[in-house]
Structures are given as C-alpha cells and as structure tokens.
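So this block is run21.cif, mmCIF, C-alpha atoms:
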data_upload
#
loop_
_atom_site.group_PDB
_atom_site.id
_atom_site.type_symbol
_atom_site.label_atom_id
_atom_site.label_comp_id
_atom_site.auth_asym_id
_atom_site.auth_seq_id
_atom_site.Cartn_x
_atom_site.Cartn_y
_atom_site.Cartn_z
ATOM 1 C CA MET A 103 1.392 -12.481 -13.115
ATOM 2 C CA LYS A 104 3.995 -10.678 -11.022
ATOM 3 C CA ASN A 105 3.421 -9.990 -7.347
ATOM 4 C CA PRO A 106 2.681 -6.342 -6.526
ATOM 5 C CA ALA A 107 5.543 -4.212 -5.241
ATOM 6 C CA ALA A 108 5.701 -1.241 -2.910
ATOM 7 C CA SER A 109 8.561 1.215 -2.426
ATOM 8 C CA ILE A 110 8.682 3.093 0.866
ATOM 9 C CA ILE A 111 10.572 6.293 0.105
ATOM 10 C CA MET A 112 12.170 7.877 3.146
ATOM 11 C CA LYS A 113 12.645 11.631 3.465
ATOM 12 C CA ASN A 114 16.423 11.042 3.409
ATOM 13 C CA GLY A 115 16.055 9.496 -0.073
ATOM 14 C CA ALA A 116 16.506 5.881 1.027
ATOM 15 C CA LYS A 117 14.131 3.310 -0.411
ATOM 16 C CA ILE A 118 12.699 0.114 1.104
ATOM 17 C CA VAL A 119 11.277 -2.059 -1.676
ATOM 18 C CA LEU A 120 8.729 -4.745 -0.793
ATOM 19 C CA GLU A 121 7.433 -7.647 -2.838
ATOM 20 C CA LEU A 122 3.881 -8.158 -1.591
ATOM 21 C CA LEU A 123 2.528 -11.689 -1.200
ATOM 22 C CA PRO A 124 -1.218 -11.788 -1.875
ATOM 23 C CA GLU A 125 -1.245 -15.597 -2.103
ATOM 24 C CA ASN A 126 0.150 -15.885 1.427
ATOM 25 C CA ALA A 127 -1.796 -13.097 3.145
ATOM 26 C CA PRO A 128 -4.455 -11.754 0.784
ATOM 27 C CA ASN A 129 -6.507 -9.673 3.227
ATOM 28 C CA THR A 130 -3.393 -8.229 4.846
ATOM 29 C CA VAL A 131 -2.018 -7.191 1.449
ATOM 30 C CA LYS A 132 -5.374 -5.535 0.667
ATOM 31 C CA SER A 133 -5.198 -3.678 3.976
ATOM 32 C CA PHE A 134 -1.679 -2.401 3.341
ATOM 33 C CA LEU A 135 -2.688 -1.273 -0.160
ATOM 34 C CA TYR A 136 -5.740 0.467 1.306
ATOM 35 C CA GLY A 137 -3.404 2.360 3.662
ATOM 36 C CA VAL A 138 -1.168 3.392 0.769
ATOM 37 C CA ARG A 139 -4.153 4.557 -1.322
ATOM 38 C CA HIS A 140 -5.362 6.643 1.637
ATOM 39 C CA HIS A 141 -1.875 8.159 2.210
ATOM 40 C CA VAL A 142 -1.626 7.010 5.847
ATOM 41 C CA TYR A 143 2.136 6.421 5.492
ATOM 42 C CA ASP A 144 2.926 9.700 3.748
ATOM 43 C CA HIS A 145 5.018 12.162 5.815
ATOM 44 C CA HIS A 146 4.764 9.920 8.872
ATOM 45 C CA GLU A 147 7.481 9.725 11.536
ATOM 46 C CA ILE A 148 8.459 6.173 12.478
ATOM 47 C CA GLU A 149 7.199 5.727 16.038
ATOM 48 C CA ARG A 150 8.935 2.681 17.516
ATOM 49 C CA ILE A 151 12.369 1.127 17.199
ATOM 50 C CA VAL A 152 13.343 -1.944 19.233
ATOM 51 C CA PRO A 153 16.996 -2.698 18.400
ATOM 52 C CA GLY A 154 17.525 -6.385 17.721
ATOM 53 C CA SER A 155 13.782 -7.051 17.431
ATOM 54 C CA TRP A 156 11.716 -4.841 15.089
ATOM 55 C CA ILE A 157 10.807 -1.457 13.702
ATOM 56 C CA ASP A 158 7.129 -0.469 14.038
ATOM 57 C CA LEU A 159 6.022 2.304 11.716
ATOM 58 C CA SER A 160 3.162 3.311 14.046
ATOM 59 C CA TYR A 161 1.294 2.413 17.221
ATOM 60 C CA SER A 162 -1.105 5.384 16.938
ATOM 61 C CA ALA A 163 -2.911 4.425 13.698
ATOM 62 C CA PHE A 164 -0.662 7.053 12.094
ATOM 63 C CA HIS A 165 -2.737 9.779 13.807
ATOM 64 C CA CYS A 166 -5.059 9.259 10.847
ATOM 65 C CA GLU A 167 -8.788 8.454 10.849
ATOM 66 C CA ALA A 168 -8.421 6.391 7.662
ATOM 67 C CA ALA A 169 -6.087 3.983 9.507
ATOM 68 C CA LYS A 170 -8.307 3.467 12.565
ATOM 69 C CA TYR A 171 -9.722 0.072 11.661
ATOM 70 C CA LEU A 172 -8.926 -3.540 12.468
ATOM 71 C CA ILE A 173 -8.859 -6.642 10.304
ATOM 72 C CA PRO A 174 -9.488 -10.233 11.388
ATOM 73 C CA PRO A 175 -6.604 -12.696 11.708
ATOM 74 C CA GLU A 176 -5.555 -13.789 8.240
ATOM 75 C CA GLN A 177 -6.339 -17.462 8.843
ATOM 76 C CA LYS A 178 -9.974 -16.572 9.633
ATOM 77 C CA VAL A 179 -10.392 -14.734 6.334
ATOM 78 C CA SER A 180 -8.244 -17.000 4.162
ATOM 79 C CA PRO A 181 -7.913 -20.457 5.736
ATOM 80 C CA GLN A 182 -6.091 -21.672 2.608
ATOM 81 C CA ALA A 183 -3.359 -19.039 3.025
ATOM 82 C CA HIS A 184 0.088 -20.313 3.972
ATOM 83 C CA LEU A 185 1.398 -18.105 6.777
ATOM 84 C CA LEU A 186 5.130 -17.486 6.481
ATOM 85 C CA PRO A 187 7.533 -17.300 9.426
ATOM 86 C CA VAL A 188 8.197 -13.836 10.856
ATOM 87 C CA THR A 189 11.891 -13.358 10.101
ATOM 88 C CA GLU A 190 14.356 -10.615 9.286
ATOM 89 C CA GLY A 191 13.797 -9.515 5.719
ATOM 90 C CA THR A 192 10.007 -9.766 5.898
ATOM 91 C CA VAL A 193 7.270 -7.255 6.668
ATOM 92 C CA ALA A 194 4.277 -8.170 8.839
ATOM 93 C CA MET A 195 1.095 -6.604 10.190
ATOM 94 C CA GLY A 196 0.890 -5.838 13.891
ATOM 95 C CA GLY A 197 -2.147 -6.383 16.054
ATOM 96 C CA TYR A 198 -3.986 -6.073 19.330
ATOM 97 C CA GLY A 199 -4.821 -9.548 20.616
ATOM 98 C CA GLU A 200 -8.546 -10.236 20.828
ATOM 99 C CA LEU A 201 -9.398 -6.954 19.081
ATOM 100 C CA GLY A 202 -7.793 -8.083 15.827
ATOM 101 C CA LEU A 203 -4.944 -7.121 13.553
ATOM 102 C CA ALA A 204 -4.080 -3.497 12.951
ATOM 103 C CA GLY A 205 -5.412 -2.175 9.670
ATOM 104 C CA CYS A 206 -2.196 -0.475 8.548
ATOM 105 C CA GLU A 207 0.392 -0.721 11.364
ATOM 106 C CA ILE A 208 3.171 -2.733 9.773
ATOM 107 C CA PHE A 209 6.494 -3.755 11.270
ATOM 108 C CA PHE A 210 9.859 -4.968 10.069
ATOM 109 C CA PRO A 211 11.390 -7.828 12.098
ATOM 110 C CA LEU A 212 15.113 -7.457 12.765
ATOM 111 C CA ARG A 213 15.487 -11.099 13.849
ATOM 112 C CA ASP A 214 13.678 -14.406 13.518
ATOM 113 C CA CYS A 215 10.509 -14.161 15.655
ATOM 114 C CA PRO A 216 8.963 -17.638 16.032
ATOM 115 C CA GLU A 217 6.833 -16.285 18.894
ATOM 116 C CA LEU A 218 5.052 -13.999 16.400
ATOM 117 C CA THR A 219 4.634 -16.511 13.563
ATOM 118 C CA GLY A 220 1.003 -17.467 13.045
ATOM 119 C CA THR A 221 -0.253 -14.396 14.916
ATOM 120 C CA TYR A 222 1.096 -11.494 12.888
ATOM 121 C CA PRO A 223 0.947 -12.337 9.182
ATOM 122 C CA VAL A 224 3.917 -11.786 6.923
ATOM 123 C CA PHE A 225 2.591 -10.117 3.790
ATOM 124 C CA GLY A 226 5.799 -9.150 2.024
ATOM 125 C CA ILE A 227 9.519 -9.635 1.523
ATOM 126 C CA VAL A 228 12.078 -6.819 1.660
ATOM 127 C CA ARG A 229 13.763 -6.925 -1.755
ATOM 128 C CA GLU A 230 15.825 -3.735 -1.284
ATOM 129 C CA GLY A 231 16.587 -1.539 1.698
ATOM 130 C CA LEU A 232 17.694 -3.837 4.518
ATOM 131 C CA GLU A 233 20.610 -1.451 5.020
ATOM 132 C CA GLU A 234 18.124 1.371 5.712
ATOM 133 C CA LEU A 235 16.355 -0.775 8.317
ATOM 134 C CA HIS A 236 19.703 -1.468 9.991
ATOM 135 C CA ARG A 237 20.498 2.249 9.927
ATOM 136 C CA LEU A 238 17.161 2.951 11.619
ATOM 137 C CA GLU A 239 17.888 0.251 14.198
ATOM 138 C CA LYS A 240 20.972 2.202 15.312
ATOM 139 C CA GLU A 241 19.127 5.503 15.793
ATOM 140 C CA GLU A 242 19.123 6.904 19.322
ATOM 141 C CA THR A 243 15.739 6.504 21.018
ATOM 142 C CA LEU A 244 13.824 7.844 24.010
ATOM 143 C CA PRO A 245 11.166 6.001 26.039
ATOM 144 C CA VAL A 246 7.499 6.881 25.509
ATOM 145 C CA THR A 247 5.938 7.205 28.956
ATOM 146 C CA ASP A 248 2.257 7.713 28.098
ATOM 147 C CA TYR A 249 1.667 4.425 26.233
ATOM 148 C CA PRO A 250 -1.500 2.916 27.751
ATOM 149 C CA TYR A 251 -0.349 -0.743 27.796
ATOM 150 C CA PRO A 252 2.182 -1.012 30.673
ATOM 151 C CA ASP A 253 3.736 -4.326 29.592
ATOM 152 C CA VAL A 254 4.861 -2.956 26.215
ATOM 153 C CA ILE A 255 8.079 -0.965 25.994
ATOM 154 C CA ILE A 256 7.934 1.839 23.441
ATOM 155 C CA ASN A 257 10.969 3.812 22.324
ATOM 156 C CA ARG A 258 10.777 6.502 19.655
ATOM 157 C CA PRO A 259 13.682 7.911 17.648
ATOM 158 C CA VAL A 260 15.231 11.106 19.051
ATOM 159 C CA ARG A 261 15.760 12.439 15.523
ATOM 160 C CA PRO A 262 12.570 12.115 13.441
ATOM 161 C CA GLN A 263 12.803 9.360 10.825
ATOM 162 C CA ILE A 264 10.201 10.306 8.256
ATOM 163 C CA ILE A 265 8.534 8.358 5.457
ATOM 164 C CA ASP A 266 8.005 10.682 2.515
ATOM 165 C CA HIS A 267 5.582 8.505 0.549
ATOM 166 C CA VAL A 268 4.925 5.006 -0.793
ATOM 167 C CA GLU A 269 4.900 4.074 -4.485
ATOM 168 C CA LEU A 270 3.041 1.030 -5.839
ATOM 169 C CA GLU A 271 3.482 -1.197 -8.884
ATOM 170 C CA LEU A 272 0.424 -3.455 -9.194
ATOM 171 C CA PHE A 273 1.156 -4.789 -12.711
ATOM 172 C CA GLY A 274 -2.408 -4.135 -13.822
ATOM 173 C CA ALA A 275 -4.092 -6.021 -10.969
ATOM 174 C CA GLU A 276 -6.854 -4.491 -8.871
ATOM 175 C CA TYR A 277 -7.295 -5.078 -5.151
ATOM 176 C CA ALA A 278 -10.520 -4.607 -3.229
ATOM 177 C CA ASP A 279 -10.700 -3.016 0.205
ATOM 178 C CA PRO A 280 -9.881 -5.417 3.061
ATOM 179 C CA GLU A 281 -12.374 -7.352 5.135
ATOM 180 C CA ARG A 282 -12.608 -5.607 8.515
ATOM 181 C CA VAL A 283 -13.501 -6.576 12.059
ATOM 182 C CA ASP A 284 -17.117 -5.518 12.507
ATOM 183 C CA HIS A 285 -16.976 -4.243 16.095
ATOM 184 C CA HIS A 286 -16.086 -0.682 16.997
ATOM 185 C CA GLU A 287 -13.770 -1.141 19.984
ATOM 186 C CA LEU A 288 -10.383 0.381 19.181
ATOM 187 C CA PRO A 289 -6.988 -0.089 20.828
ATOM 188 C CA LEU A 290 -6.429 2.280 23.761
ATOM 189 C CA CYS A 291 -3.331 3.733 22.136
ATOM 190 C CA TRP A 292 -5.391 4.857 19.143
ATOM 191 C CA LYS A 293 -7.914 6.612 21.346
ATOM 192 C CA GLU A 294 -5.562 8.124 23.901
ATOM 193 C CA LEU A 295 -2.724 9.182 21.632
ATOM 194 C CA CYS A 296 -4.623 10.380 18.557
#
What's the structure tokens form of this structure?
Amino acid sequence: MKNPAASIIMKNGAKIVLELLPENAPNTVKSFLYGVRHHVYDHHEIERIVPGSWIDLSYSAFHCEAAKYLIPPEQKVSPQAHLLPVTEGTVAMGGYGELGLAGCEIFFPLRDCPELTGTYPVFGIVREGLEELHRLEKEETLPVTDYPYPDVIINRPVRPQIIDHVELELFGAEYADPERVDHHELPLCWKELC
C-alpha cells in the first residue's frame, strides 16, 4: 500500500507535496490528517519564519477551536515507531514541552536539527516544493512582541503568505482521530493570542 500524500496549495499557486509516514509516526500522521479534515490550514497565514532554521505554519493553533488540542509524544503512543531525524526536506510536529505535542502546528526544518530529533516527530517527507519553502525563508519579517514565552523569538512575514487549502490522497486507507493528551491546560500562546 502506498503512503498517504498531502499537497499544501499556497494562494500564489505553489504546491508543497508531502509523503506522510504513518509507520514512523502514526499518531502524528493521524493528527495532521485530522487538522486537514477540519480545515484548520485552509486560508491560514504562515505565522513564523526563522531563516536558516524552520518555517512554522502556526503558533496560535491557527486561531481555530478545532486545532486547540495536544497529543502525547509519539514514542509514548507508539513505542515501536522509528523516529526519523529532523532535517531539511522533512515536516515535523511542534510542541510545548511538558504539555505535549501540538495537535496541528507543523513546521518545516530548513537545516538539520539534531537538537529537535526525538522530541518533535518527523511525520512526512517533502517530495515537491522545497523551492517554495526557500522562497518563504527569504520573505521579509517583523518581530512579534506579544508572544507570551520570552525565550522564543517569533518573526512573522511582512507580506501575508497564505495557505489556500490542503489536498489529500489516502489511497483508500482510513485514519482514525489521534490519541490526545487528556488534560485541559493549553499553551499560553493559544489562550492569549486566539
């Protein structure tokens, strides 16, 4: 059976095509698919660009109630899963330390990130669209001054960089909703900025 694929279609017409890896990060793949099914990525402005490091699609749970949930670290849900290194050309799920992984807040590494490997699970490979990620990396940014975690630098694009929608090809497979963290404490940035 083929791995599922997702195409992130930007408003400018560019496409970022992902091969999803359910054998490596099954719960994380389910969480991303849940976000797509609930349209959390549709018409969303990319919120954080760190040139030379990564592009975060959101740090605000996409200003969307459907995205305001956390999932446990992948190795707790799927101890048999083989976590891949966080490197350029992959896509990974972000997170909030002891609270858990973000439900839908994915990021694209722009370099090898051994410091993130094992913490933020890689759940896909970029099969097309690296040139669009490098274009985004060069966008002019401005600092965000109201982010509630002072040790994290947040820069947003000056010109909005908008995801139009995400298309899926599941090759006939069905994916259940993800296992979630069962407490109700949310990241401060979801509460204060949404």
Do you know which residues are at most 8 Å from Ser133 of chain A counting only C-alpha atoms, after dropping those on the same chain fewer than 4 positions away, and could you put them as number ranges by chain? A: 129, 137, 173, 205-206, 279-280
Taking into account only C-alpha atoms, which residue in the set A:Pro289, A:Pro124, A:Pro181, A:Gly226 is nearest to Pro211 of chain A? A:Gly226
Find the spatial neighbours of Pro153 of chain A, counting all atoms listed in the file, within a cut-off of 9 Å - ignore same-chain residues fewer than 2 positions away - and output them as a ChimeraX atom specification. /A:151,155-157,212,236,238-241
List the spatial neighbours of Glu276 of chain A as a ChimeraX atom specification - criterion: any atom at most 12 Å away, all atoms listed in the file, same-chain residues fewer than 4 positions off excluded. /A:105-106,124,131-132,135-136,270-272
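Residues matched by the PyMOL selection byres ((chain A and resi 115) around 12) in this file are Ser109, Ile110, Ile111, Met112, Lys113, Asn114, Ala116, Lys117, Ile118, Gly231, Glu234, Gln263, Ile264, Ile265, Asp266 and His267 of chain A.
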For Val283 of chain A, find every residue with an atom within 9 Å (counting all atoms listed in the file), except residues of its own chain fewer than 6 positions away, and show them as a VMD selection string. chain A and resid 171 to 174 201 to 203
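Checking A:Phe210, A:Trp292, A:Tyr143, A:Phe225 one by one against Tyr161 of chain A, counting all atoms listed in the file, you find the shortest gap at A:Trp292.
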Counting all atoms listed in the file, figure out which residue out of A:Val152, A:Leu186, A:Val193, A:Cys166 gets nearest to Val254 of chain A. A:Val152
Please return the centre and edge lengths, in Å to one decimal, of a box with edges along x, y and z that contains all listed atoms of segment 219-233 of chain A, widened by 3 Å on every side, as AutoDock Vina command-line options.
--center_x 10.2 --center_y -9.5 --center_z 6.6 --size_x 26.9 --size_y 22.0 --size_z 22.7
Kindly reconstruct segment 260-284 of chain A with N, CA and C atoms and present the result as a PDB file, in the coordinates of the input.
ATOM      1  N   VAL A 260      14.983   9.728  18.620  1.00  0.00           N
ATOM      2  CA  VAL A 260      15.231  11.106  19.051  1.00  0.00           C
ATOM      3  C   VAL A 260      15.154  12.041  17.846  1.00  0.00           C
ATOM      4  N   ARG A 261      15.821  11.656  16.766  1.00  0.00           N
ATOM      5  CA  ARG A 261      15.760  12.439  15.523  1.00  0.00           C
ATOM      6  C   ARG A 261      14.647  11.864  14.662  1.00  0.00           C
ATOM      7  N   PRO A 262      13.678  12.650  14.237  1.00  0.00           N
ATOM      8  CA  PRO A 262      12.570  12.115  13.441  1.00  0.00           C
ATOM      9  C   PRO A 262      13.073  11.376  12.196  1.00  0.00           C
ATOM     10  N   GLN A 263      12.518  10.187  11.996  1.00  0.00           N
ATOM     11  CA  GLN A 263      12.803   9.360  10.825  1.00  0.00           C
ATOM     12  C   GLN A 263      11.511   9.295  10.017  1.00  0.00           C
ATOM     13  N   ILE A 264      11.468  10.007   8.919  1.00  0.00           N
ATOM     14  CA  ILE A 264      10.201  10.306   8.256  1.00  0.00           C
ATOM     15  C   ILE A 264      10.075   9.559   6.927  1.00  0.00           C
ATOM     16  N   ILE A 265       8.901   8.934   6.747  1.00  0.00           N
ATOM     17  CA  ILE A 265       8.534   8.358   5.457  1.00  0.00           C
ATOM     18  C   ILE A 265       8.004   9.499   4.599  1.00  0.00           C
ATOM     19  N   ASP A 266       8.532   9.657   3.410  1.00  0.00           N
ATOM     20  CA  ASP A 266       8.005  10.682   2.515  1.00  0.00           C
ATOM     21  C   ASP A 266       6.710  10.196   1.864  1.00  0.00           C
ATOM     22  N   HIS A 267       6.773   9.047   1.204  1.00  0.00           N
ATOM     23  CA  HIS A 267       5.582   8.505   0.549  1.00  0.00           C
ATOM     24  C   HIS A 267       5.843   7.054   0.174  1.00  0.00           C
ATOM     25  N   VAL A 268       4.813   6.394  -0.331  1.00  0.00           N
ATOM     26  CA  VAL A 268       4.925   5.006  -0.793  1.00  0.00           C
ATOM     27  C   VAL A 268       4.461   4.948  -2.244  1.00  0.00           C
ATOM     28  N   GLU A 269       5.239   4.271  -3.077  1.00  0.00           N
ATOM     29  CA  GLU A 269       4.900   4.074  -4.485  1.00  0.00           C
ATOM     30  C   GLU A 269       4.522   2.615  -4.713  1.00  0.00           C
ATOM     31  N   LEU A 270       3.525   2.380  -5.556  1.00  0.00           N
ATOM     32  CA  LEU A 270       3.041   1.030  -5.839  1.00  0.00           C
ATOM     33  C   LEU A 270       3.269   0.665  -7.296  1.00  0.00           C
ATOM     34  N   GLU A 271       3.498  -0.620  -7.535  1.00  0.00           N
ATOM     35  CA  GLU A 271       3.482  -1.197  -8.884  1.00  0.00           C
ATOM     36  C   GLU A 271       2.617  -2.449  -8.797  1.00  0.00           C
ATOM     37  N   LEU A 272       1.398  -2.370  -9.320  1.00  0.00           N
ATOM     38  CA  LEU A 272       0.424  -3.455  -9.194  1.00  0.00           C
ATOM     39  C   LEU A 272       0.352  -4.328 -10.442  1.00  0.00           C
ATOM     40  N   PHE A 273       1.097  -3.997 -11.484  1.00  0.00           N
ATOM     41  CA  PHE A 273       1.156  -4.789 -12.711  1.00  0.00           C
ATOM     42  C   PHE A 273      -0.230  -5.057 -13.283  1.00  0.00           C
ATOM     43  N   GLY A 274      -1.088  -4.049 -13.222  1.00  0.00           N
ATOM     44  CA  GLY A 274      -2.408  -4.135 -13.822  1.00  0.00           C
ATOM     45  C   GLY A 274      -3.476  -4.800 -12.973  1.00  0.00           C
ATOM     46  N   ALA A 275      -3.107  -5.358 -11.828  1.00  0.00           N
ATOM     47  CA  ALA A 275      -4.092  -6.021 -10.969  1.00  0.00           C
ATOM     48  C   ALA A 275      -4.855  -4.978 -10.155  1.00  0.00           C
ATOM     49  N   GLU A 276      -6.056  -5.341  -9.749  1.00  0.00           N
ATOM     50  CA  GLU A 276      -6.854  -4.491  -8.871  1.00  0.00           C
ATOM     51  C   GLU A 276      -7.102  -5.232  -7.568  1.00  0.00           C
ATOM     52  N   TYR A 277      -7.120  -4.489  -6.472  1.00  0.00           N
ATOM     53  CA  TYR A 277      -7.295  -5.078  -5.151  1.00  0.00           C
ATOM     54  C   TYR A 277      -8.433  -4.369  -4.440  1.00  0.00           C
ATOM     55  N   ALA A 278      -9.377  -5.151  -3.956  1.00  0.00           N
ATOM     56  CA  ALA A 278     -10.520  -4.607  -3.229  1.00  0.00           C
ATOM     57  C   ALA A 278     -10.078  -4.127  -1.851  1.00  0.00           C
ATOM     58  N   ASP A 279     -10.958  -3.400  -1.174  1.00  0.00           N
ATOM     59  CA  ASP A 279     -10.700  -3.016   0.205  1.00  0.00           C
ATOM     60  C   ASP A 279     -10.678  -4.271   1.077  1.00  0.00           C
ATOM     61  N   PRO A 280      -9.985  -4.231   2.212  1.00  0.00           N
ATOM     62  CA  PRO A 280      -9.881  -5.417   3.061  1.00  0.00           C
ATOM     63  C   PRO A 280     -11.169  -5.719   3.819  1.00  0.00           C
ATOM     64  N   GLU A 281     -11.319  -6.984   4.197  1.00  0.00           N
ATOM     65  CA  GLU A 281     -12.374  -7.352   5.135  1.00  0.00           C
ATOM     66  C   GLU A 281     -11.960  -6.828   6.507  1.00  0.00           C
ATOM     67  N   ARG A 282     -12.915  -6.221   7.221  1.00  0.00           N
ATOM     68  CA  ARG A 282     -12.608  -5.607   8.515  1.00  0.00           C
ATOM     69  C   ARG A 282     -13.312  -6.334   9.651  1.00  0.00           C
ATOM     70  N   VAL A 283     -12.810  -6.119  10.861  1.00  0.00           N
ATOM     71  CA  VAL A 283     -13.501  -6.576  12.059  1.00  0.00           C
ATOM     72  C   VAL A 283     -14.729  -5.694  12.218  1.00  0.00           C
ATOM     73  N   ASP A 284     -15.874  -6.295  12.534  1.00  0.00           N
ATOM     74  CA  ASP A 284     -17.117  -5.518  12.507  1.00  0.00           C
ATOM     75  C   ASP A 284     -17.508  -4.875  13.832  1.00  0.00           C
TER      76      ASP A 284
END
